[in-house]
Structures are given as C-alpha cells and as structure tokens.
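To be precise, the following lines are entry_37.cif, and they hold mmCIF, C-alpha atoms.
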```
data_structure
#
loop_
_atom_site.label_atom_id
_atom_site.label_comp_id
_atom_site.auth_asym_id
_atom_site.auth_seq_id
_atom_site.Cartn_x
_atom_site.Cartn_y
_atom_site.Cartn_z
CA MET A 574 0.00 0.00 0.00
CA GLU A 575 2.92 2.33 0.60
CA ILE A 576 4.03 2.07 -3.01
CA LEU A 577 0.74 3.59 -4.14
CA ALA A 578 1.37 6.54 -1.83
CA TRP A 579 4.88 6.92 -3.25
CA ILE A 580 3.54 6.86 -6.80
CA PHE A 581 0.92 9.45 -5.88
CA VAL A 582 3.51 11.70 -4.23
CA GLY A 583 5.82 11.39 -7.25
CA LEU A 584 2.92 12.17 -9.56
CA ILE A 585 2.05 15.31 -7.63
CA VAL A 586 5.69 16.48 -7.48
CA GLY A 587 6.10 15.76 -11.20
CA ILE A 588 2.97 17.72 -12.08
CA ILE A 589 4.05 20.66 -9.94
CA ALA A 590 7.49 20.59 -11.58
CA LYS A 591 5.90 20.45 -15.01
CA LEU A 592 3.64 23.40 -14.30
CA THR A 593 6.34 25.57 -12.75
CA SER A 594 9.04 24.89 -15.32
CA ASN A 595 9.82 27.65 -17.76
CA ASN A 596 10.30 25.40 -20.79
CA ALA A 597 13.54 23.98 -19.44
CA VAL A 598 12.50 20.67 -20.95
CA LYS A 599 11.14 21.38 -24.37
CA ASN A 600 9.69 18.14 -25.72
CA ASN A 601 9.94 15.93 -22.66
CA ASP A 602 7.26 17.39 -20.43
CA ASN A 603 5.78 13.96 -19.75
CA PHE A 604 9.16 12.68 -18.63
CA THR A 605 8.99 15.18 -15.78
CA ILE A 606 6.03 13.32 -14.29
CA ILE A 607 7.59 9.91 -14.93
CA PHE A 608 10.89 10.92 -13.33
CA GLY A 609 9.02 12.35 -10.35
CA ILE A 610 7.34 8.98 -9.82
CA ILE A 611 10.62 7.09 -10.26
CA GLY A 612 12.42 9.34 -7.78
CA ALA A 613 9.68 8.95 -5.18
CA VAL A 614 9.58 5.16 -5.49
CA VAL A 615 13.38 4.82 -5.32
CA ALA A 616 13.55 7.05 -2.23
CA GLY A 617 10.65 5.17 -0.61
CA VAL A 618 12.33 1.83 -1.17
CA LEU A 619 15.63 3.13 0.20
CA ILE A 620 13.97 4.52 3.32
CA ASN A 621 12.22 1.19 3.91
CA ILE A 622 15.51 -0.68 3.58
CA THR A 623 17.16 1.59 6.12
CA ALA A 624 14.13 1.39 8.43
CA ILE A 625 14.68 -2.36 8.68
CA TYR A 626 18.11 -1.78 10.21
CA TYR A 627 17.26 1.31 12.25
CA GLU A 628 14.06 0.65 14.16
CA ASN A 629 13.87 4.11 15.71
CA LEU A 630 13.58 5.78 12.30
CA GLY A 631 10.54 8.03 12.53
CA SER A 632 7.43 7.55 10.46
CA SER A 633 7.69 11.16 9.29
CA LEU A 634 10.53 10.10 7.00
CA THR A 635 8.18 7.81 5.11
CA ILE A 636 6.56 10.84 3.46
CA VAL A 637 9.54 13.20 3.46
CA ALA A 638 11.82 10.73 1.68
CA PRO A 639 9.66 10.24 -1.44
CA ILE A 640 9.12 13.98 -1.78
CA SER A 641 12.80 14.78 -1.47
CA GLY A 642 13.72 11.85 -3.72
CA ALA A 643 11.37 13.02 -6.46
CA VAL A 644 12.62 16.61 -6.22
CA LEU A 645 16.26 15.50 -6.23
CA PHE A 646 15.69 13.21 -9.22
CA LEU A 647 13.97 16.01 -11.15
CA VAL A 648 16.74 18.50 -10.37
CA LEU A 649 19.37 16.04 -11.57
CA TYR A 650 17.33 15.35 -14.70
CA ARG A 651 17.06 19.06 -15.49
CA ASP A 652 20.78 19.57 -14.97
CA PHE A 653 21.72 16.71 -17.28
CA ASP A 654 19.10 17.66 -19.86
CA ARG A 655 20.48 21.20 -20.05
CA TYR A 656 23.74 19.93 -21.55
CA ARG A 657 22.10 17.81 -24.24
#
```
Written as structure tokens, that's how I'd like the structure from this file.
Amino acid sequence: MEILAWIFVGLIVGIIAKLTSNNAVKNNDNFTIIFGIIGAVVAGVLINITAIYYENLGSSLTIVAPISGAVLFLVLYRDFDRYR
C-alpha cells in the first residue's frame, strides 16, 4: 500500500514541476512526471531498507523521503538535460 502513496507523491511532485518549469525541458514534459514517480519510489524503497536496520527511524521520514527523492531526481534530470 505504501508504493501507491509513493507513486501518488511522485505524480504530484512531477505535475508541480511540469507546471512551474519555464520550458527547461522542451519536448519531454511527460518525462517530468515519470521521473518524479521514479524518484519517489526509489527514495521510498531506500527509506524502507534503512528502516529495517534502524528501528527508531521516525514515520515522518516515510513521506519526506519520497518527496525529497522526487525533487532530487527532477533537479538532476534538469541539470543533465540542459547539456544535451
């Protein structure tokens, strides 16, 4: 059930990034949403893996990690796409 929340968070972050971008990505606007979802899922999986080893990891990280992962993934994507 958590993966659906991660996908939803990535979708929202991707849509916000798509709406606020000033044509930084010309033809790949849909990739912004896809990369937001991928970043959120990867960060969610990583936080769950670390939560197995660190039991006192707070539940607040379960929503913060996918948001920050999606934003980080989109920032990296924009930086690499600028040089293409």
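Non-sequential neighbours of Glu575 in chain A (distance at most 10 Å, separation of 4 or more positions within a chain, all atoms listed in the file) are Trp579, Ile580, Phe581, Val614, Gly617, Val618, Asn621, Thr635 and Ile636 of chain A.
When the PyMOL selection byres ((chain A and resi 641) around 10) is run on the displayed coordinates, the residues it returns are A:Gly583, A:Val586, A:Gly609, A:Gly612, A:Ala613, A:Ala616, A:Gly617, A:Leu634, A:Ile636, A:Val637, A:Ala638, A:Pro639, A:Ile640, A:Gly642, A:Ala643, A:Val644, A:Leu645, A:Phe646, A:Leu647.
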- Contacts of Gly587 in chain A at 9 Å or less, counting only C-alpha atoms, minus same-chain residues fewer than 2 places along, as a ChimeraX atom specification? /A:582-585,589-592,603-610,643-644,647
